[in-house]
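To start, the structure under review is shown below, and the notes come after it.
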Amino acid sequence: MIEIRNITKVFGAGEHAVTALQEINVNIAENEFFTLLGPSGCGKTTLLRLIAGFEHPSTGSMLLAGEDISLLPPNKRPVNTVFQNYALFPHMTVAGNIAFGLEMLGRPKAEVAETVDRMLRLVRMEELKNRQTSEISGGQQQRVALARALAPQPKVLLLDEPLSALDLKLRKEMQIELKRLQSETGITFVFVTHDQEEALTMSDRIAVMNAGRIHQIGSPRQIYDHPENRFVANFIGDSNFLNAKLGNIKDDQAELEFAAGRKVTVPLHRADLSDGEVSVLIRPEHVSIAEPTGNSHELTGVIENIVYFGTDTHYHLKLASGEAFMARLQNNPSEAEKRAAGDKVAVLMDAKAIQILRD
Amino acid sequence: MADFSLFSRRFDVKRVPGFASVALGVFVMLYMPVILLVVYSFNKGTNLAFWEGFSLRWYVQAYHNEAVQEAAFRSLYLALIAATLATTAATMAALATTRTKKFRGQMLIYTLINQPLMVPEIVTAVALLIFFAMIKVATGHTGMIYLIVAHTAFCIPFAYLPIRARLESMDLTLETAAADLYASPWMTFRRVTLPLMWPGIVAGLMLAFVVSLDDVVITEFVKSAGQETLPTFMLGQLRRVVTPEVNAISTVLMAVSVIFVAMFFVLTGRKN
């Protein structure tokens, strides 16, 4: 549906030039819920604005359904946006807002009225049709903004952090609502957020961005389980990073020796690895802890701090190598308060829980 | 319900000793002369300081005075044209200074537009007198055009400021959203920008109208013979015989101004 080829965006010129996007390559499929995820200032909103046509790329090109749209103005693109602050027209009613795009497209009056009613039903706002936009709540304004952007049946709907202004309960509701709207309308959604949980729960695929680059594109599971580098691992979920030495690479497995002492054979997910120092990721919930057995190949450490969270408990350890390590264990009634700070423990994990990072 | 009584006890200017008497003094100074002027416009006698009973005779006399009629008509006609021209120019200037990318010399443009607010009016008046005198000699034309041009020029900042304030308070994303929803630049202006800035335009128009209507100094210097506006006519009257007729004209002029300024505040104060 959207092909973004080698796009770079530079703001300003000369000494004051700021590169907002570098060598962006993305293909977004039809009917996909695609999320641009990253910290503020990573370029995700700039990329969204490029797709909308509010900005034009410095280099590279953008194709929509096979047609080059890089230089088209926003009013000539079959793409609509839900703005972060909704940007509803304050001098029009709810229905007037939803009709706006259709009127600009020159659709006949009867068709406009019919579509407006259908959109109001879709977002469950029929009874507020003739209200002024200032008279409705934030959540309702959000729905109007969605209906307004969906009414002209764009090929792609862009959503710029649309849920960030809502409170937690409403945000959860709207997450489900957005998924429903996407599957009911069959429109490709490109969603921008800095909230990793939102990205994981809603997306078909996620592009993790930082400092103007895309670090990884993949399904939520791929991104979480097999992050390619330290930034992606750190940005999504909690992470432990350990130093280790990689050796004996054979086909799809290799031997890994932790700085903390333990040796283990690990499966490899990537082919671009070679012998030498590497960083590995271990998710805190993928390990357990036990009494040390004295085996020299064990990963051992001392409990420095225990934090109780209700559903689970976080154990902050200091490994033999001096590295910090966090283990998150689910609480169950039979194991209550078995350990205390100062205890020496062994960290147990499956070899599959170990992810080798690129940096 | 929140209780704010604790906060109000901290500091309240109304409790400062002498506040009430100072405030009262200022209000008396401001409004007493105006109130007296209005009261004496209804005086039966010809005396400006001695009340002889209620009458509308000075209003009737002013109404039938052909010189007053002519000056009043000229004032309205001049104010209407000058305010319209000034508001049109101010609208374009406000759009150009708020709806474009920041450019070099933007501050200079603001300063230039607001020149009439900074240069003393008498200086502008003398400058215009000399400048227009040269043109009048060269062309031999002495029509209303000079007054219209002068009034338009000094009305521009009064129209510009409320329009610019309105545009600056408007969310730029609204125009982006219109473009996103297939509106061409012209349709975006017609359907979104213009309706939203309209209260600012009307407010600017009213302020410019009142400022033009009240002007004495520049008009006095620029007008050719026989081009009296209401304020310059009144000034001329004061040099001769002072009757409550001047009070009556002043009262009507003030009423018109108050109505327009009140509408200006209603329009600029209203929230979306």
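FYI, nothing fancy with the structure tokens labels: chains A, B, ... in order, residues from 1 per chain, ligands from 1 as they appear.
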Go through chain B residue by residue and, counting only C-alpha atoms, keep those with an atom at most 7 Å from chain A; for each kept residue give the shortest atom pair and its distance in Å to one decimal, ordered by chain and increasing number, as JSON lines.
{"residue": "B:Thr173", "atom": "CA", "partner": "A:Ala87", "partner_atom": "CA", "distance": 5.9}
{"residue": "B:Leu174", "atom": "CA", "partner": "A:Ala87", "partner_atom": "CA", "distance": 5.2}
{"residue": "B:Ala177", "atom": "CA", "partner": "A:Ala87", "partner_atom": "CA", "distance": 6.6}
{"residue": "B:Ala179", "atom": "CA", "partner": "A:Asn75", "partner_atom": "CA", "distance": 5.0}
{"residue": "B:Asp180", "atom": "CA", "partner": "A:Pro74", "partner_atom": "CA", "distance": 5.2}
{"residue": "B:Leu181", "atom": "CA", "partner": "A:Gly101", "partner_atom": "CA", "distance": 4.5}
{"residue": "B:Tyr182", "atom": "CA", "partner": "A:Asn75", "partner_atom": "CA", "distance": 3.8}
{"residue": "B:Ala183", "atom": "CA", "partner": "A:Met104", "partner_atom": "CA", "distance": 5.5}
{"residue": "B:Ser184", "atom": "CA", "partner": "A:Asn75", "partner_atom": "CA", "distance": 6.3}
{"residue": "B:Asn272", "atom": "CA", "partner": "A:Pro90", "partner_atom": "CA", "distance": 7.0}
Writing out the chosen residues with N, CA and C atoms as a PDB file, in the first residue's frame:
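Output contents, as saved in out29.pdb:
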ATOM      1  N   THR B 173      -3.221  23.947  13.375  1.00  0.00           N
ATOM      2  CA  THR B 173      -3.555  22.596  12.912  1.00  0.00           C
ATOM      3  C   THR B 173      -4.922  22.558  12.236  1.00  0.00           C
ATOM      4  N   LEU B 174      -5.791  23.545  12.569  1.00  0.00           N
ATOM      5  CA  LEU B 174      -7.113  23.537  11.931  1.00  0.00           C
ATOM      6  C   LEU B 174      -6.971  23.682  10.423  1.00  0.00           C
ATOM      7  N   ALA B 177      -5.594  20.534   9.065  1.00  0.00           N
ATOM      8  CA  ALA B 177      -6.642  19.512   9.013  1.00  0.00           C
ATOM      9  C   ALA B 177      -7.531  19.718   7.799  1.00  0.00           C
ATOM     10  N   ALA B 179      -6.662  21.064   4.942  1.00  0.00           N
ATOM     11  CA  ALA B 179      -5.890  20.624   3.775  1.00  0.00           C
ATOM     12  C   ALA B 179      -5.865  19.103   3.711  1.00  0.00           C
ATOM     13  N   ASP B 180      -5.749  18.474   4.870  1.00  0.00           N
ATOM     14  CA  ASP B 180      -5.738  17.014   4.930  1.00  0.00           C
ATOM     15  C   ASP B 180      -7.068  16.449   4.430  1.00  0.00           C
ATOM     16  N   LEU B 181      -8.143  17.201   4.658  1.00  0.00           N
ATOM     17  CA  LEU B 181      -9.477  16.758   4.237  1.00  0.00           C
ATOM     18  C   LEU B 181      -9.835  17.329   2.865  1.00  0.00           C
ATOM     19  N   TYR B 182      -8.850  17.419   1.994  1.00  0.00           N
ATOM     20  CA  TYR B 182      -9.038  17.713   0.567  1.00  0.00           C
ATOM     21  C   TYR B 182      -9.445  19.140   0.250  1.00  0.00           C
ATOM     22  N   ALA B 183      -9.296  20.079   1.213  1.00  0.00           N
ATOM     23  CA  ALA B 183      -9.619  21.472   0.902  1.00  0.00           C
ATOM     24  C   ALA B 183      -8.423  22.125   0.219  1.00  0.00           C
ATOM     25  N   SER B 184      -8.680  22.822  -0.889  1.00  0.00           N
ATOM     26  CA  SER B 184      -7.623  23.567  -1.571  1.00  0.00           C
ATOM     27  C   SER B 184      -7.259  24.760  -0.671  1.00  0.00           C
ATOM     28  N   ASN B 272     -14.175  30.772  22.144  1.00  0.00           N
ATOM     29  CA  ASN B 272     -14.766  29.759  21.264  1.00  0.00           C
ATOM     30  C   ASN B 272     -15.273  28.581  22.053  1.00  0.00           C
TER      31      ASN B 272
END
If we count only C-alpha atoms, what is near Thr243 in chain B at a cut-off of 7 Å, once residues fewer than 2 positions away on the same chain are taken out, given as a PDB file with all heavy atoms, in the first residue's frame?
ATOM      1  N   THR B  46     -29.671  78.423  27.932  1.00  0.00           N
ATOM      2  CA  THR B  46     -28.472  78.459  27.105  1.00  0.00           C
ATOM      3  C   THR B  46     -27.204  78.379  27.932  1.00  0.00           C
ATOM      4  O   THR B  46     -26.118  78.312  27.391  1.00  0.00           O
ATOM      5  CB  THR B  46     -28.418  79.769  26.284  1.00  0.00           C
ATOM      6  OG1 THR B  46     -28.703  80.851  27.161  1.00  0.00           O
ATOM      7  CG2 THR B  46     -29.396  79.745  25.125  1.00  0.00           C
ATOM      8  N   LEU B  48     -24.260  76.964  30.240  1.00  0.00           N
ATOM      9  CA  LEU B  48     -23.592  75.662  30.335  1.00  0.00           C
ATOM     10  C   LEU B  48     -23.393  75.234  31.785  1.00  0.00           C
ATOM     11  O   LEU B  48     -22.992  74.122  32.045  1.00  0.00           O
ATOM     12  CB  LEU B  48     -22.224  75.710  29.639  1.00  0.00           C
ATOM     13  CG  LEU B  48     -22.250  75.581  28.113  1.00  0.00           C
ATOM     14  CD1 LEU B  48     -20.842  75.762  27.574  1.00  0.00           C
ATOM     15  CD2 LEU B  48     -22.820  74.242  27.683  1.00  0.00           C
ATOM     16  N   VAL B 241     -19.437  80.851  19.767  1.00  0.00           N
ATOM     17  CA  VAL B 241     -20.404  80.830  20.859  1.00  0.00           C
ATOM     18  C   VAL B 241     -20.560  79.396  21.360  1.00  0.00           C
ATOM     19  O   VAL B 241     -20.737  78.498  20.560  1.00  0.00           O
ATOM     20  CB  VAL B 241     -21.776  81.323  20.359  1.00  0.00           C
ATOM     21  CG1 VAL B 241     -22.741  81.478  21.525  1.00  0.00           C
ATOM     22  CG2 VAL B 241     -21.624  82.586  19.563  1.00  0.00           C
ATOM     23  N   GLU B 245     -25.763  73.064  22.492  1.00  0.00           N
ATOM     24  CA  GLU B 245     -25.836  72.301  21.244  1.00  0.00           C
ATOM     25  C   GLU B 245     -24.589  71.420  21.093  1.00  0.00           C
ATOM     26  O   GLU B 245     -24.673  70.281  20.674  1.00  0.00           O
ATOM     27  CB  GLU B 245     -25.941  73.269  20.060  1.00  0.00           C
ATOM     28  CG  GLU B 245     -26.273  72.550  18.763  1.00  0.00           C
ATOM     29  CD  GLU B 245     -26.331  73.504  17.565  1.00  0.00           C
ATOM     30  OE1 GLU B 245     -26.267  74.725  17.762  1.00  0.00           O
ATOM     31  OE2 GLU B 245     -26.455  72.993  16.443  1.00  0.00           O
ATOM     32  N   VAL B 246     -23.442  71.977  21.490  1.00  0.00           N
ATOM     33  CA  VAL B 246     -22.189  71.208  21.432  1.00  0.00           C
ATOM     34  C   VAL B 246     -22.279  69.994  22.373  1.00  0.00           C
ATOM     35  O   VAL B 246     -21.845  68.901  22.037  1.00  0.00           O
ATOM     36  CB  VAL B 246     -20.985  72.107  21.791  1.00  0.00           C
ATOM     37  CG1 VAL B 246     -19.728  71.264  22.005  1.00  0.00           C
ATOM     38  CG2 VAL B 246     -20.740  73.110  20.693  1.00  0.00           C
TER      39      VAL B 246
END
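Note that the spacing between CA of Thr152 in chain B and CA of Glu66 in chain B amounts to 26.8 Å.
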### Message
What's the separation between CA of Asn240 in chain A and CA of Lys352 in chain A, in Å to one decimal place?
### Response
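According to the coordinates, CA of Asn240 in chain A and CA of Lys352 in chain A are separated by 14.7 Å.
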#### Entry: Contact residues around Ala324 in chain A with only C-alpha atoms at 10 Å, ignoring same-chain residues under 4 positions, as a list in words
Asn240, Phe241, Leu242, Gly301, Val302, Glu304, His316, Leu317, Lys318, Leu319 and Ala320 of chain A
Just list as a short mmCIF file (atom, residue, chain, number, x, y, z; two decimals) with all heavy atoms, in the first residue's frame whatever in range 26-227 of chain A DSSP marks as strand (DSSP E).
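Saved the output as result-v6.cif:
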data_model
loop_
_atom_site.label_atom_id
_atom_site.label_comp_id
_atom_site.auth_asym_id
_atom_site.auth_seq_id
_atom_site.Cartn_x
_atom_site.Cartn_y
_atom_site.Cartn_z
N VAL A 26 10.43 1.60 4.25
CA VAL A 26 9.34 0.85 4.86
C VAL A 26 8.34 0.46 3.79
O VAL A 26 8.07 1.25 2.89
CB VAL A 26 8.57 1.69 5.92
CG1 VAL A 26 7.61 0.81 6.70
CG2 VAL A 26 9.49 2.41 6.87
N ASN A 27 7.82 -0.73 3.90
CA ASN A 27 6.66 -1.10 3.09
C ASN A 27 5.52 -1.40 4.04
O ASN A 27 5.64 -2.25 4.91
CB ASN A 27 6.95 -2.36 2.27
CG ASN A 27 7.83 -2.03 1.07
OD1 ASN A 27 7.70 -0.95 0.50
ND2 ASN A 27 8.71 -2.95 0.73
N ILE A 28 4.43 -0.68 3.86
CA ILE A 28 3.27 -0.92 4.72
C ILE A 28 2.21 -1.61 3.87
O ILE A 28 1.86 -1.12 2.78
CB ILE A 28 2.76 0.40 5.33
CG1 ILE A 28 3.87 1.04 6.18
CG2 ILE A 28 1.51 0.14 6.17
CD1 ILE A 28 3.58 2.46 6.63
N PHE A 33 -2.26 -2.74 10.44
CA PHE A 33 -2.17 -1.79 11.54
C PHE A 33 -0.70 -1.64 11.85
O PHE A 33 -0.09 -2.49 12.48
CB PHE A 33 -2.93 -2.30 12.77
CG PHE A 33 -3.23 -1.22 13.78
CD1 PHE A 33 -4.55 -0.90 14.10
CD2 PHE A 33 -2.21 -0.51 14.40
CE1 PHE A 33 -4.84 0.10 15.02
CE2 PHE A 33 -2.49 0.49 15.32
CZ PHE A 33 -3.81 0.79 15.63
N PHE A 34 -0.12 -0.56 11.31
CA PHE A 34 1.32 -0.36 11.38
C PHE A 34 1.63 0.75 12.37
O PHE A 34 1.05 1.82 12.30
CB PHE A 34 1.85 0.01 9.99
CG PHE A 34 3.35 -0.05 9.88
CD1 PHE A 34 3.98 -1.23 9.53
CD2 PHE A 34 4.12 1.07 10.13
CE1 PHE A 34 5.37 -1.29 9.43
CE2 PHE A 34 5.50 1.02 10.04
CZ PHE A 34 6.13 -0.17 9.68
N THR A 35 2.57 0.49 13.29
CA THR A 35 2.87 1.48 14.32
C THR A 35 4.29 2.00 14.20
O THR A 35 5.21 1.22 13.99
CB THR A 35 2.66 0.87 15.72
OG1 THR A 35 1.30 0.51 15.86
CG2 THR A 35 3.03 1.85 16.82
N LEU A 36 4.43 3.33 14.31
CA LEU A 36 5.74 3.95 14.41
C LEU A 36 5.96 4.25 15.89
O LEU A 36 5.23 5.04 16.48
CB LEU A 36 5.80 5.24 13.60
CG LEU A 36 5.53 5.10 12.10
CD1 LEU A 36 5.38 6.46 11.46
CD2 LEU A 36 6.63 4.30 11.43
N LEU A 37 6.94 3.57 16.47
CA LEU A 37 7.16 3.67 17.91
C LEU A 37 8.55 4.25 18.17
O LEU A 37 9.51 3.84 17.53
CB LEU A 37 7.05 2.27 18.53
CG LEU A 37 7.38 2.13 20.02
CD1 LEU A 37 6.36 2.83 20.88
CD2 LEU A 37 7.47 0.65 20.41
N THR A 59 15.16 13.77 0.16
CA THR A 59 15.52 12.83 -0.89
C THR A 59 14.65 11.60 -0.72
O THR A 59 14.01 11.42 0.31
CB THR A 59 17.01 12.39 -0.80
OG1 THR A 59 17.19 11.74 0.46
CG2 THR A 59 17.96 13.55 -0.90
N GLY A 60 14.66 10.75 -1.74
CA GLY A 60 13.88 9.53 -1.67
C GLY A 60 12.48 9.73 -2.23
O GLY A 60 12.11 10.83 -2.63
N SER A 61 11.69 8.65 -2.24
CA SER A 61 10.35 8.77 -2.81
C SER A 61 9.36 7.94 -2.02
O SER A 61 9.73 7.08 -1.22
CB SER A 61 10.35 8.33 -4.27
OG SER A 61 10.75 6.98 -4.35
N MET A 62 8.10 8.25 -2.25
CA MET A 62 7.03 7.58 -1.53
C MET A 62 5.95 7.17 -2.51
O MET A 62 5.49 7.99 -3.30
CB MET A 62 6.47 8.54 -0.48
CG MET A 62 5.47 7.88 0.44
SD MET A 62 4.85 9.05 1.61
CE MET A 62 6.33 9.63 2.37
N LEU A 63 5.57 5.91 -2.47
CA LEU A 63 4.55 5.41 -3.39
C LEU A 63 3.33 4.98 -2.61
O LEU A 63 3.44 4.33 -1.57
CB LEU A 63 5.08 4.22 -4.20
CG LEU A 63 5.95 4.55 -5.42
CD1 LEU A 63 7.30 5.05 -4.98
CD2 LEU A 63 6.10 3.32 -6.30
N LEU A 64 2.17 5.38 -3.13
CA LEU A 64 0.92 4.95 -2.51
C LEU A 64 0.16 4.19 -3.57
O LEU A 64 -0.15 4.74 -4.63
CB LEU A 64 0.11 6.16 -2.02
CG LEU A 64 -1.23 5.85 -1.37
CD1 LEU A 64 -1.06 5.14 -0.05
CD2 LEU A 64 -2.02 7.13 -1.18
N GLU A 67 1.64 4.53 -6.94
CA GLU A 67 1.75 5.85 -7.56
C GLU A 67 2.65 6.74 -6.71
O GLU A 67 2.51 6.77 -5.49
CB GLU A 67 0.34 6.46 -7.64
CG GLU A 67 0.25 7.74 -8.41
CD GLU A 67 -1.04 8.50 -8.08
OE1 GLU A 67 -1.95 7.88 -7.47
OE2 GLU A 67 -1.12 9.67 -8.40
N ASP A 68 3.57 7.46 -7.36
CA ASP A 68 4.49 8.31 -6.61
C ASP A 68 3.74 9.54 -6.09
O ASP A 68 3.22 10.34 -6.85
CB ASP A 68 5.66 8.75 -7.51
CG ASP A 68 6.77 9.39 -6.69
OD1 ASP A 68 6.47 9.99 -5.64
OD2 ASP A 68 7.94 9.28 -7.11
N VAL A 79 -5.30 10.23 1.82
CA VAL A 79 -4.77 9.91 3.14
C VAL A 79 -5.38 10.91 4.10
O VAL A 79 -5.41 12.10 3.82
CB VAL A 79 -3.23 10.08 3.14
CG1 VAL A 79 -2.68 9.94 4.54
CG2 VAL A 79 -2.57 9.09 2.21
N ASN A 80 -5.92 10.45 5.23
CA ASN A 80 -6.48 11.37 6.22
C ASN A 80 -5.81 11.17 7.57
O ASN A 80 -5.26 10.09 7.84
CB ASN A 80 -7.99 11.19 6.37
CG ASN A 80 -8.74 11.67 5.13
OD1 ASN A 80 -9.71 11.07 4.72
ND2 ASN A 80 -8.24 12.72 4.52
N THR A 81 -5.85 12.21 8.37
CA THR A 81 -5.11 12.20 9.63
C THR A 81 -6.03 12.43 10.83
O THR A 81 -6.95 13.25 10.75
CB THR A 81 -4.04 13.32 9.61
OG1 THR A 81 -3.30 13.21 8.40
CG2 THR A 81 -3.11 13.22 10.79
N VAL A 82 -5.77 11.71 11.90
CA VAL A 82 -6.38 12.03 13.20
C VAL A 82 -5.28 12.72 14.00
O VAL A 82 -4.26 12.12 14.28
CB VAL A 82 -6.85 10.76 13.93
CG1 VAL A 82 -7.41 11.12 15.30
CG2 VAL A 82 -7.89 10.03 13.10
N VAL A 156 -5.35 5.31 3.40
CA VAL A 156 -4.55 5.16 4.61
C VAL A 156 -5.05 6.17 5.65
O VAL A 156 -5.33 7.32 5.32
CB VAL A 156 -3.05 5.45 4.33
CG1 VAL A 156 -2.23 5.34 5.59
CG2 VAL A 156 -2.52 4.50 3.26
N LEU A 157 -5.18 5.70 6.89
CA LEU A 157 -5.52 6.61 7.99
C LEU A 157 -4.29 6.78 8.86
O LEU A 157 -3.69 5.81 9.30
CB LEU A 157 -6.67 6.04 8.83
CG LEU A 157 -7.14 6.97 9.94
CD1 LEU A 157 -7.99 8.10 9.37
CD2 LEU A 157 -7.94 6.22 10.99
N LEU A 158 -3.91 8.04 9.09
CA LEU A 158 -2.75 8.33 9.93
C LEU A 158 -3.23 8.79 11.29
O LEU A 158 -4.14 9.61 11.40
CB LEU A 158 -1.90 9.43 9.30
CG LEU A 158 -1.47 9.20 7.85
CD1 LEU A 158 -0.73 10.42 7.33
CD2 LEU A 158 -0.58 7.97 7.75
N LEU A 159 -2.64 8.22 12.35
CA LEU A 159 -3.05 8.60 13.70
C LEU A 159 -1.83 9.08 14.48
O LEU A 159 -0.90 8.31 14.71
CB LEU A 159 -3.70 7.40 14.41
CG LEU A 159 -4.92 6.82 13.70
CD1 LEU A 159 -4.59 5.46 13.12
CD2 LEU A 159 -6.09 6.70 14.64
N ASP A 160 -1.85 10.36 14.86
CA ASP A 160 -0.70 10.96 15.53
C ASP A 160 -0.94 10.99 17.04
O ASP A 160 -1.55 11.91 17.55
CB ASP A 160 -0.48 12.38 14.99
CG ASP A 160 0.78 13.01 15.56
OD1 ASP A 160 1.54 12.31 16.24
OD2 ASP A 160 0.98 14.21 15.32
N THR A 188 -5.93 0.81 5.89
CA THR A 188 -4.59 0.72 6.47
C THR A 188 -4.41 1.81 7.51
O THR A 188 -4.68 2.97 7.23
CB THR A 188 -3.53 0.91 5.36
OG1 THR A 188 -3.80 -0.05 4.33
CG2 THR A 188 -2.13 0.70 5.89
N PHE A 189 -4.00 1.44 8.72
CA PHE A 189 -3.77 2.42 9.78
C PHE A 189 -2.28 2.58 10.00
O PHE A 189 -1.57 1.59 10.14
CB PHE A 189 -4.39 1.95 11.12
CG PHE A 189 -5.86 2.23 11.27
CD1 PHE A 189 -6.72 2.21 10.18
CD2 PHE A 189 -6.40 2.49 12.52
CE1 PHE A 189 -8.08 2.46 10.33
CE2 PHE A 189 -7.75 2.74 12.69
CZ PHE A 189 -8.61 2.72 11.59
N VAL A 190 -1.81 3.82 10.03
CA VAL A 190 -0.43 4.08 10.45
C VAL A 190 -0.53 4.90 11.74
O VAL A 190 -1.08 6.00 11.74
CB VAL A 190 0.38 4.84 9.39
CG1 VAL A 190 1.80 5.09 9.90
CG2 VAL A 190 0.42 4.06 8.10
N PHE A 191 -0.03 4.31 12.80
CA PHE A 191 -0.27 4.82 14.15
C PHE A 191 1.06 5.25 14.76
O PHE A 191 2.02 4.50 14.72
CB PHE A 191 -0.89 3.67 14.94
CG PHE A 191 -1.33 3.99 16.34
CD1 PHE A 191 -2.57 4.56 16.57
CD2 PHE A 191 -0.52 3.71 17.42
CE1 PHE A 191 -3.00 4.84 17.87
CE2 PHE A 191 -0.93 3.99 18.72
CZ PHE A 191 -2.18 4.56 18.93
N VAL A 192 1.10 6.47 15.30
CA VAL A 192 2.32 6.95 15.92
C VAL A 192 2.14 6.97 17.43
O VAL A 192 1.13 7.47 17.93
CB VAL A 192 2.66 8.37 15.42
CG1 VAL A 192 3.62 9.07 16.38
CG2 VAL A 192 3.29 8.31 14.05
N THR A 193 3.09 6.41 18.16
CA THR A 193 3.00 6.45 19.61
C THR A 193 4.38 6.35 20.25
O THR A 193 5.33 5.90 19.60
CB THR A 193 2.09 5.33 20.15
OG1 THR A 193 1.94 5.49 21.56
CG2 THR A 193 2.66 3.95 19.87
N ARG A 205 2.30 -4.77 12.85
CA ARG A 205 3.75 -4.63 12.83
C ARG A 205 4.16 -3.30 13.43
O ARG A 205 3.40 -2.34 13.39
CB ARG A 205 4.28 -4.71 11.39
CG ARG A 205 4.38 -6.16 10.88
CD ARG A 205 5.22 -6.23 9.64
NE ARG A 205 4.75 -5.28 8.64
CZ ARG A 205 5.54 -4.77 7.69
NH1 ARG A 205 6.81 -5.09 7.62
NH2 ARG A 205 5.04 -3.92 6.81
N ILE A 206 5.37 -3.27 13.96
CA ILE A 206 5.89 -2.07 14.61
C ILE A 206 7.22 -1.70 13.97
O ILE A 206 8.02 -2.59 13.68
CB ILE A 206 6.13 -2.32 16.12
CG1 ILE A 206 4.84 -2.74 16.82
CG2 ILE A 206 6.74 -1.11 16.81
CD1 ILE A 206 5.04 -3.21 18.25
N ALA A 207 7.43 -0.40 13.75
CA ALA A 207 8.76 0.07 13.38
C ALA A 207 9.28 0.86 14.57
O ALA A 207 8.66 1.84 14.98
CB ALA A 207 8.70 0.97 12.15
N VAL A 208 10.40 0.40 15.15
CA VAL A 208 10.96 1.10 16.30
C VAL A 208 11.97 2.12 15.78
O VAL A 208 12.87 1.77 15.02
CB VAL A 208 11.65 0.13 17.28
CG1 VAL A 208 12.13 0.89 18.52
CG2 VAL A 208 10.71 -0.98 17.68
N MET A 209 11.75 3.39 16.15
CA MET A 209 12.60 4.46 15.62
C MET A 209 13.37 5.15 16.73
O MET A 209 12.92 5.26 17.85
CB MET A 209 11.73 5.51 14.91
CG MET A 209 11.01 4.98 13.70
SD MET A 209 10.08 6.28 12.86
CE MET A 209 11.40 7.31 12.24
N ASN A 210 14.56 5.64 16.36
CA ASN A 210 15.32 6.51 17.26
C ASN A 210 16.24 7.37 16.44
O ASN A 210 16.82 6.91 15.45
CB ASN A 210 16.13 5.69 18.27
CG ASN A 210 16.73 6.57 19.34
OD1 ASN A 210 16.12 7.54 19.77
ND2 ASN A 210 17.95 6.26 19.75
N ARG A 213 16.19 7.28 12.60
CA ARG A 213 16.37 6.01 11.89
C ARG A 213 15.38 4.97 12.38
O ARG A 213 14.96 5.00 13.53
CB ARG A 213 17.78 5.45 12.12
CG ARG A 213 18.86 6.21 11.44
CD ARG A 213 20.21 5.60 11.79
NE ARG A 213 21.29 6.43 11.28
CZ ARG A 213 21.72 6.37 10.02
NH1 ARG A 213 21.19 5.51 9.17
NH2 ARG A 213 22.68 7.17 9.62
N ILE A 214 15.09 4.00 11.50
CA ILE A 214 14.30 2.86 11.94
C ILE A 214 15.28 1.78 12.40
O ILE A 214 16.17 1.38 11.66
CB ILE A 214 13.41 2.34 10.79
CG1 ILE A 214 12.33 3.38 10.48
CG2 ILE A 214 12.77 1.01 11.18
CD1 ILE A 214 11.36 2.96 9.41
N HIS A 215 15.13 1.34 13.64
CA HIS A 215 16.04 0.33 14.17
C HIS A 215 15.58 -1.08 13.87
O HIS A 215 16.38 -1.98 13.71
CB HIS A 215 16.22 0.52 15.68
CG HIS A 215 17.14 1.63 16.02
ND1 HIS A 215 18.31 1.45 16.69
CD2 HIS A 215 17.08 2.95 15.76
CE1 HIS A 215 18.94 2.60 16.83
NE2 HIS A 215 18.20 3.53 16.27
N GLN A 216 14.28 -1.29 13.88
CA GLN A 216 13.78 -2.64 13.61
C GLN A 216 12.32 -2.56 13.21
O GLN A 216 11.57 -1.73 13.72
CB GLN A 216 13.92 -3.52 14.87
CG GLN A 216 13.61 -4.99 14.61
CD GLN A 216 13.94 -5.87 15.81
OE1 GLN A 216 14.39 -5.38 16.85
NE2 GLN A 216 13.70 -7.16 15.68
N ILE A 217 11.95 -3.42 12.26
CA ILE A 217 10.54 -3.54 11.89
C ILE A 217 10.14 -4.99 12.08
O ILE A 217 10.86 -5.90 11.65
CB ILE A 217 10.32 -3.15 10.41
CG1 ILE A 217 10.77 -1.72 10.15
CG2 ILE A 217 8.84 -3.33 10.03
CD1 ILE A 217 10.66 -1.28 8.71
N GLY A 218 9.03 -5.21 12.77
CA GLY A 218 8.60 -6.59 12.95
C GLY A 218 7.30 -6.66 13.70
O GLY A 218 6.76 -5.63 14.13
#
### Task
Extract, using only C-alpha atoms, all DNA, RNA and protein residues at most 7 Å from range 187-198 of chain B, discarding same-chain residues fewer than 2 positions from it, and format them as a list in words.
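Here the answer would be Ile163, Arg166, Leu167, Glu175, Ala178, Ala179, Ala183, Ser184, Pro185, Gly200, Ile201 and Val202 of chain B.
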### Task
Taking the DSSP assignment computed from this structure's backbone, write out as a VMD selection string all residues of range 179-319 of chain A that belong to alpha helix (DSSP H).
chain A and resid 179 to 185 196 to 202 220 to 225 230 to 235
### Message
Residues near Leu117 in chain B, anyone? I mean within 12 Å using only C-alpha atoms, not counting same-chain ones fewer than 4 positions away, as a VMD selection string.
### Response
chain B and resid 110 to 113 121 to 124 153 to 161 211
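What separates CA of Ala260 in chain A from CA of Tyr315 in chain A is a distance of 17.4 Å.
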### Task
Tell me which protein, DNA and RNA residues are within 9 Å of Val261 in chain B, counting only C-alpha atoms, leaving out same-chain ones fewer than 3 positions away, and put them as a VMD selection string.
chain B and resid 203 206 to 207 210 256 to 258 264 to 266
### Task
Would you kindly return, as a count of residues only, each protein, DNA or RNA residue with an atom no farther than 12 Å from any atom of Ala133 in chain B, considering only C-alpha atoms and excluding same-chain residues fewer than 4 positions away?
16
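Ranking A:Ser203, A:Thr115, A:Asn6, A:Gln182 by their shortest atom-to-atom distance to Ser70 in chain A, with only C-alpha atoms included, puts A:Asn6 first.
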